[in-house]
Number of protein chains: 4
Amino acid sequence: VHTRIDLNADVGEGFGRWSLGDDNALLGIVSSANVACGFHAGDASIMRRTCRLAAEREVAVGAQVSYPDLAGFGRRFIDIDPAELVDVVLYQIGALERLARVEGTAVRYVKPHGALYHAVVHHEQQAAAVVEAIELHGGGLALLTLPGSAAGRMAAGRGIAVVEEGFADRGYLPDGTLVPRGRPGALLTGPAEVVAQARRVIAAGARSVCVHSDTPGAALLARAVRDALTADGVTVGPFA
Amino acid sequence: VHTRIDLNADVGEGFGRWSLGDDNALLGIVSSANVACGFHAGDASIMRRTCRLAAEREVAVGAQVSYPDLAGFGRRFIDIDPAELVDVVLYQIGALERLARVEGTAVRYVKPHGALYHAVVHHEQQAAAVVEAIELHGGGLALLTLPGSAAGRMAAGRGIAVVEEGFADRGYLPDGTLVPRGRPGALLTGPAEVVAQARRVIAAGARSVCVHSDTPGAALLARAVRDALTADGVTVGPFA
Amino acid sequence: VHTRIDLNADVGEGFGRWSLGDDNALLGIVSSANVACGFHAGDASIMRRTCRLAAEREVAVGAQVSYPDLAGFGRRFIDIDPAELVDVVLYQIGALERLARVEGTAVRYVKPHGALYHAVVHHEQQAAAVVEAIELHGGGLALLTLPGSAAGRMAAGRGIAVVEEGFADRGYLPDGTLVPRGRPGALLTGPAEVVAQARRVIAAGARSVCVHSDTPGAALLARAVRDALTADGVTVGPFA
Amino acid sequence: VHTRIDLNADVGEGFGRWSLGDDNALLGIVSSANVACGFHAGDASIMRRTCRLAAEREVAVGAQVSYPDLAGFGRRFIDIDPAELVDVVLYQIGALERLARVEGTAVRYVKPHGALYHAVVHHEQQAAAVVEAIELHGGGLALLTLPGSAAGRMAAGRGIAVVEEGFADRGYLPDGTLVPRGRPGALLTGPAEVVAQARRVIAAGARSVCVHSDTPGAALLARAVRDALTADGVTVGPFA
C-alpha cells in the first residue's frame, strides 16, 4: 500500500460551444489531469486553457487519448487497425504536448479514454498499439491503467512506468472489473461510499484514484476523497 | 537573387481511404515537403508515412496548417476567432512534430494552406494569429509565405525567419497576386511555361518555388523545374 | 400588427454526450421549434427525440440549417460555394424531415442558424442559395428570417412564405440589426426588458418572436413573454 | 434462379476534394446505384450529382448507409448503441431521399456499407436496428443484403422486401461468407473469373450481383458481367 497517492480526473471534455464538468473546481483538488485531446472531446483552445489551469495549480498533465469518435464521446469500441491506433495515439499526444509546452507544463503520462480504456485491458492488439505509441514516443511517459490490464503488463515488460488506478465513484464486480455503466451500482454518488471505495482501492494497491468529472457534485466528491486521504495520513500528489 | 533555391510541394493530402497526388514521386524531387496536418487533409497514418518518406530522402518537413475544414479541403475562408486560430495552428504543429520525431525528422517551418494561405496575406488578425502561434512555439520555425504578405511582415518584425515563395504552375496578376483558381490562366500545365515561371519568380526574389501536387503530371513538372534550375547553376536544397 | 404571434426557439442543440438548453421546458412554451440538423449541433438521436417532444406538444418543427461547423457551432462565416450551400441545406432538411415523419410530424419551415442567419441578410449569393434550396424542395416550406433580409426579399419574389421575426432577448441597433454578441447590450436577461422587447418587435411588424435557448433562465423568459402576450390578447401559435 | 438480374455498385464515394471510382462509367452499366450518404463517404453535392446521373440513366437509387466514420471509410466495426443506429440510418436515408427527389428520382432500397454490411449478417442487435429503421420509414424500401443474413431474416419476417446479392469480384469461403479483404483470393480481377463468379452467385439464387467500384478496371468488369449475362439470356434491370 502506497503512502503517496495520486488523485486523477478527466478534464477538458467540452468541445466548441459545449462544456462538461467543473474543470476549474476539479483542478483545485486533483493532482493529475487527464486532458482530452480532441478525438472524443476537447478542442485546441479547451486543451490549452486546461493546460494553463493545470500548470497554475501544479497539477500533472496526462494525455487522455481516444478513438476518433466525437459523436460517441469515445465510449464505443471501434475495431480500428492497430497500426492506425499507434499513429492516432501519437498524434493526440503530440498535439497536447505542444499546447502544454506553451503553457509552461508538459505531458507526463497517457490514459486511454472510454472504450479504448476498456479495450486495452483485454484486447491484445489494441493494448500493444497503445504501448507501442508510448515506446515510440520515447519521452518517458507513464501509462495510467486498470490493474492487471494487458497494456499494463506489456508496458511493464518494455520498461514503461505503469501506474495502476482505482475508481472512487464506480462499483466493482467480484472479478475486479467495473460494473458496466447503466447497470445498478455502476455509479457511486454519496460522499461516504465514495470515500470508502477510495480507501478500498488504495488498500488493494492502487497508486492513483480516479474521480469522474462529468457527474453533478464531482468536485465535492473529489474534495471528500482528498480530505479523507489527507486525514488518513496519505500524501496526495502526482505520481509523475 | 538567390543561388540556392528550395523547391516545395504539398504532400500527405489524402485522408483515410482517399489519396491525392503522387507523393512518392514528388518526395524524390522537392527539397521541402508541406505536410497536411489533419485539418484539411492528412490523417495520423498518412502524416507519419509522409514524414518517413521525407526523412528517407532528406526532404525538409513543414507543417501545412489549415482551417478545420475537411469537407472544403481548407479552401474556403472561415471567419475563425483569431485566438482559436492560434491554438489550432499549435495543435496541428504539435501533432506533426511528434509523428516527424518518431520517423527521425523534425518540423522546420509552417506554411498555411488554402484559404488560410491567402487570408494571412491581407487579413491582419488571422495573419497575427499564425505569427503568434509560431512565436509561442519558440522552436525557430520559419514561415513560408507569399512575398509581401501581412504575416511575413509581422513575422519578420518578431525575428521569425520568413521565406518568400513563388508558384511555378500558377499565373500571376500584374499586382503580384495569383490568378484565382477557376479563371483562365490560373494553372500553368506545360513544362516550358512552368520552368519559365519558376525562373521568373526566382528572378523576382523568391527563395522557394512551389509546385502543386494535385494535378496530373505534377511530378513531371517538378522534375522539369528542378532540372532546369540545376542546369542554370542553381543549387536546389531546403531553406531550413 | 398581427394578432396571432408565433414564439420560436432553437432546440436540439446538443451533440452526442453534450447537451445545451432546457428543451423540455422550452417545448412546453414556444409554438415553433428550430431543430438543429447535425451540422452545427444535433445528432440523429437528438433530432428524433426533439421531434417527438415537439409533436407531443403540437409545436411546429423547422429545420435550423447551418454551415458544416460543429467545432464553431455554426457561428463563424464560411465562404462556402453557393452551389454547395444549396445542397447542404437540402441534405439537412431531408434528414430532419425523415426523423420528423417517424415521430408523426413534419418540417414546416427553414431557419438558417448562426453565421448563416446573418449571411442571408446581406450576402446575396448565399441568400440566393438558401432560397434556391427551399424552391427546389418544392414542399411549401416557409422561411423564417430577419425583416428586410436579402433572403426574405428573394423568397417573397418566388412565392415562398416569408415570416419575419424579432428577438425578445437581443438588443437592436438603430438600423434594425442586432447588437453583435460580446458587445454591451447584446443580450437582454431581465424578464421585464425581454417582455418589453417582444412587444416592440411585434409592434414593428414581426409575426414571430425568437427567444434564445442557450442561456440560463431561457425557459423563464420564454414563459414571461408568452404570458404577457396572452395577457395582451394576442394568440400564441405556430405561423405554419 | 432468376431470369431478371440486378447489377449494383457503390457510387458517390468521394468526399469534398477527393474522388473515388469511375461513377460516370459505372452508372452507364449497372441497374442499381448504392449511393453513399455522407457518413463513410459522399457529401451533399456528390450525393445530388450521383442521383442526377442515376436518374438520367434510369438506374435505381439505394441508400448506402454506414456507421459514422469518414476516417475509416465505414470499414471498421463500431459498437454503436442499436437505438442510435436506428436514428443514423433514418438520418442518412432522409438526406438522400431529399436530394434524389430534387433530381427527379427516389430511394428504393437500403444497403448497409462496409463493416455495417458485415455486422448485420450476424450481429443481432445491429441487424434489428437496420430493419427497424426500414420499418419505421414505412415507405416500402427493400433491403439489399448477403444471403442468410440476420437482417434479411428479420426483414422478411416483417414484410420488408429482401434482395439477396452475390459478389462478382470477391472470393467466397466454403461457408458462403466472403474471403476477408487482405487475404489471398479476396479480390477477383480478371474479367473471365469475375464473369464466372457472377454466373455462380446467380445459380446459387442471388437476385442482384454487386461489382465493386473502387478498383481500377471496375467499369470494364461490370461491363463484362453485363454483356455475359445478356448473352446468357438474362435481363439486367433494377429489382426495385
# chains A, B, ... in the order shown; residues from 1 in each chain; ligands from 1
>>> select_by_dssp(residues="stretch 142-221 of chain A", states="helix (DSSP H, G or I)", output="VMD selection string")
chain A and resid 150 to 157 191 to 203 218 to 221
>>> residues_around(residues="A:Ala83", least_positions_apart="5", cutoff="12 Å", atoms="only C-alpha atoms", output="list of chain:residue names")
A:Val88, A:Val89, A:Leu90, A:Gln125, A:Gln126, A:Ala127, A:Ala128, A:Ala129, A:Val130, A:Val131, A:Glu132, A:Ala133, B:Ala44, B:Ser45, B:Ile46, B:Arg48, B:Arg49
>>> write_last_selection(atoms="C-alpha atoms", output="mmCIF file, in the first residue's frame")
data_model
loop_
_atom_site.group_PDB
_atom_site.id
_atom_site.type_symbol
_atom_site.label_atom_id
_atom_site.label_comp_id
_atom_site.auth_asym_id
_atom_site.auth_seq_id
_atom_site.Cartn_x
_atom_site.Cartn_y
_atom_site.Cartn_z
ATOM 1 C CA VAL A 88 -3.641 8.422 -33.705
ATOM 2 C CA VAL A 89 -2.297 7.998 -30.165
ATOM 3 C CA LEU A 90 0.965 9.683 -31.169
ATOM 4 C CA GLN A 125 -3.619 -5.906 -30.342
ATOM 5 C CA GLN A 126 -5.039 -2.574 -29.296
ATOM 6 C CA ALA A 127 -3.186 -2.783 -25.989
ATOM 7 C CA ALA A 128 0.039 -3.437 -27.883
ATOM 8 C CA ALA A 129 -0.672 -0.452 -30.127
ATOM 9 C CA VAL A 130 -1.036 1.956 -27.203
ATOM 10 C CA VAL A 131 2.130 0.597 -25.640
ATOM 11 C CA GLU A 132 3.993 0.873 -28.939
ATOM 12 C CA ALA A 133 2.952 4.511 -29.214
ATOM 13 C CA ALA B 44 -2.172 10.421 -38.460
ATOM 14 C CA SER B 45 -1.061 7.424 -40.509
ATOM 15 C CA ILE B 46 -0.649 9.420 -43.707
ATOM 16 C CA ARG B 48 3.636 9.526 -40.333
ATOM 17 C CA ARG B 49 4.187 7.740 -43.637
#
>>> residues_around(residues="stretch 177-180 of chain C", least_positions_apart="2", cutoff="10 Å", atoms="only C-alpha atoms", output="PyMOL selection string")
chain C and resi 118+121+146-148+166-167+170-175+182-187
>>> interface_residues(of="chain A", to="chain B", cutoff="12 Å", atoms="only C-alpha atoms", output="PyMOL selection string")
chain A and resi 16+37-39+42-49+68+80-104+132-139
>>> write_last_selection(atoms="N, CA and C atoms", output="compact mmCIF listing (two decimals), in the first residue's frame")
# COMPACT_ATOMS: atom_id res chain seq x y z
N GLY A 16 -15.95 22.94 -28.49
CA GLY A 16 -16.56 24.11 -29.10
C GLY A 16 -17.51 24.78 -28.12
N CYS A 37 -7.92 15.15 -25.83
CA CYS A 37 -7.02 15.58 -26.90
C CYS A 37 -7.71 15.84 -28.24
N GLY A 38 -9.01 16.03 -28.23
CA GLY A 38 -9.69 16.41 -29.47
C GLY A 38 -10.34 15.26 -30.23
N PHE A 39 -10.15 14.02 -29.78
CA PHE A 39 -10.71 12.90 -30.55
C PHE A 39 -12.04 12.41 -29.98
N GLY A 42 -12.70 17.88 -26.27
CA GLY A 42 -11.56 18.77 -26.22
C GLY A 42 -11.26 19.33 -27.60
N ASP A 43 -11.07 20.63 -27.67
CA ASP A 43 -10.54 21.22 -28.90
C ASP A 43 -9.28 21.97 -28.51
N ALA A 44 -8.61 22.53 -29.49
CA ALA A 44 -7.30 23.12 -29.22
C ALA A 44 -7.36 24.19 -28.15
N SER A 45 -8.41 25.02 -28.19
CA SER A 45 -8.49 26.11 -27.22
C SER A 45 -8.82 25.59 -25.83
N ILE A 46 -9.70 24.60 -25.76
CA ILE A 46 -10.00 24.00 -24.46
C ILE A 46 -8.77 23.29 -23.91
N MET A 47 -8.03 22.60 -24.76
CA MET A 47 -6.82 21.91 -24.32
C MET A 47 -5.80 22.90 -23.74
N ARG A 48 -5.64 24.00 -24.44
CA ARG A 48 -4.66 24.97 -23.97
C ARG A 48 -5.09 25.59 -22.65
N ARG A 49 -6.37 25.95 -22.56
CA ARG A 49 -6.86 26.56 -21.33
C ARG A 49 -6.75 25.58 -20.16
N PRO A 68 -11.06 7.98 -32.52
CA PRO A 68 -11.63 9.18 -33.16
C PRO A 68 -13.15 9.06 -33.18
N ILE A 80 -10.51 -0.50 -34.77
CA ILE A 80 -9.52 0.24 -35.56
C ILE A 80 -8.29 -0.63 -35.80
N ASP A 81 -7.72 -0.51 -36.95
CA ASP A 81 -6.47 -1.20 -37.28
C ASP A 81 -5.41 -0.80 -36.25
N PRO A 82 -4.76 -1.76 -35.59
CA PRO A 82 -3.78 -1.42 -34.55
C PRO A 82 -2.67 -0.48 -35.05
N ALA A 83 -2.26 -0.64 -36.29
CA ALA A 83 -1.21 0.25 -36.81
C ALA A 83 -1.70 1.69 -36.86
N GLU A 84 -2.96 1.87 -37.19
CA GLU A 84 -3.52 3.22 -37.19
C GLU A 84 -3.68 3.75 -35.77
N LEU A 85 -3.99 2.85 -34.87
CA LEU A 85 -4.17 3.27 -33.47
C LEU A 85 -2.87 3.83 -32.91
N VAL A 86 -1.75 3.17 -33.25
CA VAL A 86 -0.45 3.71 -32.83
C VAL A 86 -0.33 5.17 -33.26
N ASP A 87 -0.69 5.42 -34.50
CA ASP A 87 -0.49 6.76 -35.06
C ASP A 87 -1.44 7.80 -34.47
N VAL A 88 -2.72 7.43 -34.27
CA VAL A 88 -3.64 8.42 -33.70
C VAL A 88 -3.31 8.70 -32.25
N VAL A 89 -2.73 7.73 -31.54
CA VAL A 89 -2.30 8.00 -30.17
C VAL A 89 -1.12 8.98 -30.18
N LEU A 90 -0.17 8.76 -31.07
CA LEU A 90 0.96 9.68 -31.17
C LEU A 90 0.51 11.09 -31.58
N TYR A 91 -0.43 11.14 -32.51
CA TYR A 91 -0.97 12.43 -32.97
C TYR A 91 -1.56 13.21 -31.79
N GLN A 92 -2.37 12.53 -30.99
CA GLN A 92 -3.03 13.19 -29.86
C GLN A 92 -2.02 13.64 -28.81
N ILE A 93 -1.07 12.78 -28.52
CA ILE A 93 -0.04 13.15 -27.54
C ILE A 93 0.72 14.39 -28.04
N GLY A 94 1.09 14.37 -29.31
CA GLY A 94 1.87 15.47 -29.86
C GLY A 94 1.13 16.79 -29.80
N ALA A 95 -0.13 16.76 -30.15
CA ALA A 95 -0.93 17.99 -30.13
C ALA A 95 -0.98 18.55 -28.71
N LEU A 96 -1.23 17.67 -27.75
CA LEU A 96 -1.33 18.12 -26.36
C LEU A 96 0.02 18.61 -25.84
N GLU A 97 1.08 17.91 -26.21
CA GLU A 97 2.41 18.32 -25.75
C GLU A 97 2.73 19.76 -26.13
N ARG A 98 2.38 20.10 -27.39
CA ARG A 98 2.73 21.44 -27.85
C ARG A 98 1.94 22.49 -27.09
N LEU A 99 0.64 22.22 -26.84
CA LEU A 99 -0.18 23.18 -26.12
C LEU A 99 0.23 23.24 -24.65
N ALA A 100 0.63 22.11 -24.09
CA ALA A 100 1.12 22.10 -22.71
C ALA A 100 2.41 22.92 -22.60
N ARG A 101 3.29 22.72 -23.56
CA ARG A 101 4.57 23.43 -23.57
C ARG A 101 4.35 24.95 -23.56
N VAL A 102 3.40 25.38 -24.40
CA VAL A 102 3.12 26.81 -24.50
C VAL A 102 2.64 27.37 -23.15
N GLU A 103 2.02 26.52 -22.36
CA GLU A 103 1.53 26.95 -21.05
C GLU A 103 2.50 26.60 -19.92
N GLY A 104 3.70 26.23 -20.29
CA GLY A 104 4.73 26.05 -19.27
C GLY A 104 4.69 24.72 -18.55
N GLU A 132 3.01 0.54 -27.90
CA GLU A 132 3.99 0.87 -28.94
C GLU A 132 4.08 2.38 -29.14
N ALA A 133 2.93 3.05 -29.06
CA ALA A 133 2.95 4.51 -29.21
C ALA A 133 3.80 5.15 -28.11
N ILE A 134 3.61 4.67 -26.88
CA ILE A 134 4.38 5.24 -25.76
C ILE A 134 5.87 4.94 -25.94
N GLU A 135 6.17 3.75 -26.41
CA GLU A 135 7.57 3.37 -26.60
C GLU A 135 8.20 4.19 -27.73
N LEU A 136 7.48 4.31 -28.84
CA LEU A 136 7.98 5.11 -29.96
C LEU A 136 8.18 6.57 -29.54
N HIS A 137 7.31 7.04 -28.68
CA HIS A 137 7.42 8.41 -28.20
C HIS A 137 8.78 8.62 -27.56
N GLY A 138 9.12 7.70 -26.69
CA GLY A 138 10.48 7.73 -26.14
C GLY A 138 10.74 8.77 -25.07
N GLY A 139 9.71 9.44 -24.63
CA GLY A 139 9.92 10.53 -23.68
C GLY A 139 9.61 10.18 -22.24
>>> atom_distance(atom1="atom CA of A:Val162", atom2="atom CA of A:Gly205")
12.6 Å
>>> closest_residue(among="D:Met154, D:Leu26, D:Ala206, D:Val225", to="D:His122", atoms="only C-alpha atoms")
D:Met154
>>> residues_around(residues="stretch 212-216 of chain A", least_positions_apart="5", cutoff="9 Å", atoms="only C-alpha atoms", output="number ranges by chain")
A: 8-11, 13, 20-23, 26, 167-170, 189, 222
>>> write_last_selection(atoms="N, CA, C and O atoms", output="PDB file, in the first residue's frame")
ATOM      1  N   ASN A   8      -6.696  11.523  -9.761  1.00  0.00           N
ATOM      2  CA  ASN A   8      -6.804  11.987 -11.147  1.00  0.00           C
ATOM      3  C   ASN A   8      -8.254  12.137 -11.585  1.00  0.00           C
ATOM      4  O   ASN A   8      -9.151  11.480 -11.051  1.00  0.00           O
ATOM      5  N   ALA A   9      -8.452  13.024 -12.537  1.00  0.00           N
ATOM      6  CA  ALA A   9      -9.802  13.231 -13.093  1.00  0.00           C
ATOM      7  C   ALA A   9      -9.682  13.600 -14.564  1.00  0.00           C
ATOM      8  O   ALA A   9      -8.680  14.155 -15.000  1.00  0.00           O
ATOM      9  N   ASP A  10     -10.732  13.270 -15.300  1.00  0.00           N
ATOM     10  CA  ASP A  10     -10.825  13.668 -16.709  1.00  0.00           C
ATOM     11  C   ASP A  10     -11.239  15.130 -16.769  1.00  0.00           C
ATOM     12  O   ASP A  10     -12.244  15.510 -16.156  1.00  0.00           O
ATOM     13  N   VAL A  11     -10.513  15.908 -17.532  1.00  0.00           N
ATOM     14  CA  VAL A  11     -10.858  17.323 -17.674  1.00  0.00           C
ATOM     15  C   VAL A  11     -10.726  17.737 -19.141  1.00  0.00           C
ATOM     16  O   VAL A  11     -10.234  16.984 -19.973  1.00  0.00           O
ATOM     17  N   GLU A  13     -13.147  18.214 -21.232  1.00  0.00           N
ATOM     18  CA  GLU A  13     -14.010  17.369 -22.051  1.00  0.00           C
ATOM     19  C   GLU A  13     -15.195  18.105 -22.667  1.00  0.00           C
ATOM     20  O   GLU A  13     -16.201  17.499 -23.024  1.00  0.00           O
ATOM     21  N   LEU A  20     -18.467  20.602 -20.219  1.00  0.00           N
ATOM     22  CA  LEU A  20     -18.789  19.399 -19.443  1.00  0.00           C
ATOM     23  C   LEU A  20     -17.931  19.411 -18.195  1.00  0.00           C
ATOM     24  O   LEU A  20     -16.703  19.526 -18.284  1.00  0.00           O
ATOM     25  N   GLY A  21     -18.579  19.294 -17.065  1.00  0.00           N
ATOM     26  CA  GLY A  21     -17.828  19.198 -15.828  1.00  0.00           C
ATOM     27  C   GLY A  21     -17.314  20.547 -15.358  1.00  0.00           C
ATOM     28  O   GLY A  21     -17.264  21.509 -16.104  1.00  0.00           O
ATOM     29  N   ASP A  22     -16.918  20.576 -14.086  1.00  0.00           N
ATOM     30  CA  ASP A  22     -16.438  21.808 -13.460  1.00  0.00           C
ATOM     31  C   ASP A  22     -14.924  21.721 -13.330  1.00  0.00           C
ATOM     32  O   ASP A  22     -14.374  21.495 -12.266  1.00  0.00           O
ATOM     33  N   ASP A  23     -14.239  21.901 -14.471  1.00  0.00           N
ATOM     34  CA  ASP A  23     -12.792  21.742 -14.504  1.00  0.00           C
ATOM     35  C   ASP A  23     -12.099  22.659 -13.507  1.00  0.00           C
ATOM     36  O   ASP A  23     -11.113  22.270 -12.877  1.00  0.00           O
ATOM     37  N   LEU A  26     -12.335  21.095 -10.099  1.00  0.00           N
ATOM     38  CA  LEU A  26     -11.593  19.828 -10.018  1.00  0.00           C
ATOM     39  C   LEU A  26     -10.087  20.049 -10.033  1.00  0.00           C
ATOM     40  O   LEU A  26      -9.335  19.364  -9.330  1.00  0.00           O
ATOM     41  N   PHE A 167     -11.144   3.300  -9.031  1.00  0.00           N
ATOM     42  CA  PHE A 167     -12.184   4.309  -9.206  1.00  0.00           C
ATOM     43  C   PHE A 167     -12.943   4.506  -7.906  1.00  0.00           C
ATOM     44  O   PHE A 167     -13.494   3.553  -7.354  1.00  0.00           O
ATOM     45  N   ALA A 168     -12.961   5.736  -7.450  1.00  0.00           N
ATOM     46  CA  ALA A 168     -13.641   6.019  -6.191  1.00  0.00           C
ATOM     47  C   ALA A 168     -15.160   6.021  -6.352  1.00  0.00           C
ATOM     48  O   ALA A 168     -15.886   5.724  -5.406  1.00  0.00           O
ATOM     49  N   ASP A 169     -15.627   6.341  -7.537  1.00  0.00           N
ATOM     50  CA  ASP A 169     -17.064   6.541  -7.721  1.00  0.00           C
ATOM     51  C   ASP A 169     -17.685   5.504  -8.659  1.00  0.00           C
ATOM     52  O   ASP A 169     -18.743   5.741  -9.228  1.00  0.00           O
ATOM     53  N   ARG A 170     -17.023   4.383  -8.824  1.00  0.00           N
ATOM     54  CA  ARG A 170     -17.589   3.311  -9.627  1.00  0.00           C
ATOM     55  C   ARG A 170     -17.656   2.034  -8.800  1.00  0.00           C
ATOM     56  O   ARG A 170     -16.779   1.767  -7.961  1.00  0.00           O
ATOM     57  N   THR A 189     -22.502   7.718  -5.679  1.00  0.00           N
ATOM     58  CA  THR A 189     -22.719   9.159  -5.677  1.00  0.00           C
ATOM     59  C   THR A 189     -22.687   9.780  -4.284  1.00  0.00           C
ATOM     60  O   THR A 189     -22.656  11.004  -4.163  1.00  0.00           O
ATOM     61  N   ALA A 222     -14.634  14.654  -5.099  1.00  0.00           N
ATOM     62  CA  ALA A 222     -13.169  14.662  -5.165  1.00  0.00           C
ATOM     63  C   ALA A 222     -12.580  15.300  -3.907  1.00  0.00           C
ATOM     64  O   ALA A 222     -11.605  14.814  -3.340  1.00  0.00           O
TER      65      ALA A 222
END
>>> residues_around(residues="C:Leu141", least_positions_apart="6", cutoff="9 Å", atoms="only C-alpha atoms", output="MDAnalysis selection string")
chainID C and resid 62 107:110 134:135 160:161 240
>>> select_by_dssp(residues="chain A", states="strand (DSSP E)", output="VMD selection string")
chain A and resid 4 to 11 32 to 36 60 to 64 107 to 110 142 to 145 162 to 167 208 to 210 235 to 236
>>> write_last_selection(atoms="C-alpha atoms", output="compact mmCIF listing (two decimals), in the first residue's frame")
# COMPACT_ATOMS: atom_id res chain seq x y z
CA ARG A 4 1.67 8.82 -1.56
CA ILE A 5 -1.46 8.69 -3.64
CA ASP A 6 -2.37 10.45 -6.84
CA LEU A 7 -5.87 11.74 -7.47
CA ASN A 8 -6.80 11.99 -11.15
CA ALA A 9 -9.80 13.23 -13.09
CA ASP A 10 -10.83 13.67 -16.71
CA VAL A 11 -10.86 17.32 -17.67
CA SER A 32 -3.26 14.71 -12.14
CA ALA A 33 -5.39 15.94 -15.04
CA ASN A 34 -6.35 13.61 -17.86
CA VAL A 35 -6.72 16.15 -20.65
CA ALA A 36 -8.93 15.23 -23.63
CA ALA A 60 0.35 16.96 -13.66
CA VAL A 61 -0.91 16.76 -17.24
CA GLY A 62 -1.70 13.47 -18.96
CA ALA A 63 -2.90 12.75 -22.47
CA GLN A 64 -6.37 11.25 -22.36
CA VAL A 107 2.69 15.79 -20.70
CA ARG A 108 3.71 13.17 -18.12
CA TYR A 109 1.51 10.20 -18.86
CA VAL A 110 -1.05 8.58 -21.12
CA ALA A 142 3.86 6.64 -17.85
CA LEU A 143 0.73 4.60 -18.55
CA LEU A 144 -2.25 5.04 -16.25
CA THR A 145 -4.40 1.91 -16.41
CA VAL A 162 2.82 1.73 -15.17
CA VAL A 163 0.53 3.35 -12.64
CA GLU A 164 -2.47 1.32 -11.57
CA GLU A 165 -5.58 3.18 -10.61
CA GLY A 166 -8.86 2.53 -8.86
CA PHE A 167 -12.18 4.31 -9.21
CA SER A 208 -3.83 6.64 -8.25
CA VAL A 209 -7.52 7.18 -7.55
CA CYS A 210 -9.81 8.38 -10.30
CA THR A 235 0.12 12.45 0.89
CA VAL A 236 -1.86 13.40 -2.20
>>> decode(residues="stretch 68-111 of chain B", atoms="C-alpha atoms", output="PDB file, in the first residue's frame")
ATOM      1  CA  PRO B  68     -10.593  22.920 -39.633  1.00  0.00           C
ATOM      2  CA  ASP B  69     -12.415  22.016 -42.862  1.00  0.00           C
ATOM      3  CA  LEU B  70     -12.088  18.519 -44.290  1.00  0.00           C
ATOM      4  CA  ALA B  71     -15.306  18.972 -46.274  1.00  0.00           C
ATOM      5  CA  GLY B  72     -13.918  22.046 -48.020  1.00  0.00           C
ATOM      6  CA  PHE B  73     -10.269  20.923 -48.206  1.00  0.00           C
ATOM      7  CA  GLY B  74      -9.361  24.125 -46.377  1.00  0.00           C
ATOM      8  CA  ARG B  75     -10.090  26.152 -49.481  1.00  0.00           C
ATOM      9  CA  ARG B  76     -12.857  28.378 -48.150  1.00  0.00           C
ATOM     10  CA  PHE B  77     -12.331  31.314 -45.847  1.00  0.00           C
ATOM     11  CA  ILE B  78     -13.565  30.756 -42.312  1.00  0.00           C
ATOM     12  CA  ASP B  79     -14.016  33.738 -40.061  1.00  0.00           C
ATOM     13  CA  ILE B  80     -12.461  31.907 -37.155  1.00  0.00           C
ATOM     14  CA  ASP B  81     -11.754  33.747 -33.937  1.00  0.00           C
ATOM     15  CA  PRO B  82      -8.054  34.680 -34.090  1.00  0.00           C
ATOM     16  CA  ALA B  83      -7.450  33.393 -30.558  1.00  0.00           C
ATOM     17  CA  GLU B  84      -8.762  29.994 -31.622  1.00  0.00           C
ATOM     18  CA  LEU B  85      -6.679  30.124 -34.760  1.00  0.00           C
ATOM     19  CA  VAL B  86      -3.525  30.444 -32.658  1.00  0.00           C
ATOM     20  CA  ASP B  87      -4.496  27.282 -30.828  1.00  0.00           C
ATOM     21  CA  VAL B  88      -5.477  25.168 -33.837  1.00  0.00           C
ATOM     22  CA  VAL B  89      -2.200  26.099 -35.524  1.00  0.00           C
ATOM     23  CA  LEU B  90      -0.258  24.990 -32.437  1.00  0.00           C
ATOM     24  CA  TYR B  91      -2.309  21.788 -32.243  1.00  0.00           C
ATOM     25  CA  GLN B  92      -1.509  20.890 -35.835  1.00  0.00           C
ATOM     26  CA  ILE B  93       2.177  21.695 -35.484  1.00  0.00           C
ATOM     27  CA  GLY B  94       2.414  19.604 -32.329  1.00  0.00           C
ATOM     28  CA  ALA B  95       0.719  16.592 -33.839  1.00  0.00           C
ATOM     29  CA  LEU B  96       3.028  16.675 -36.852  1.00  0.00           C
ATOM     30  CA  GLU B  97       6.130  17.246 -34.719  1.00  0.00           C
ATOM     31  CA  ARG B  98       5.517  14.099 -32.756  1.00  0.00           C
ATOM     32  CA  LEU B  99       4.989  11.963 -35.847  1.00  0.00           C
ATOM     33  CA  ALA B 100       8.015  13.535 -37.528  1.00  0.00           C
ATOM     34  CA  ARG B 101      10.118  12.820 -34.434  1.00  0.00           C
ATOM     35  CA  VAL B 102       9.120   9.178 -34.488  1.00  0.00           C
ATOM     36  CA  GLU B 103      10.371   8.995 -38.070  1.00  0.00           C
ATOM     37  CA  GLY B 104      13.673  10.626 -37.246  1.00  0.00           C
ATOM     38  CA  THR B 105      12.998  14.068 -38.623  1.00  0.00           C
ATOM     39  CA  ALA B 106      11.587  17.359 -37.367  1.00  0.00           C
ATOM     40  CA  VAL B 107       9.281  20.172 -38.399  1.00  0.00           C
ATOM     41  CA  ARG B 108      11.264  23.123 -39.772  1.00  0.00           C
ATOM     42  CA  TYR B 109       8.643  25.561 -40.963  1.00  0.00           C
ATOM     43  CA  VAL B 110       4.980  26.457 -41.201  1.00  0.00           C
ATOM     44  CA  LYS B 111       3.056  27.012 -44.409  1.00  0.00           C
TER      45      LYS B 111
END
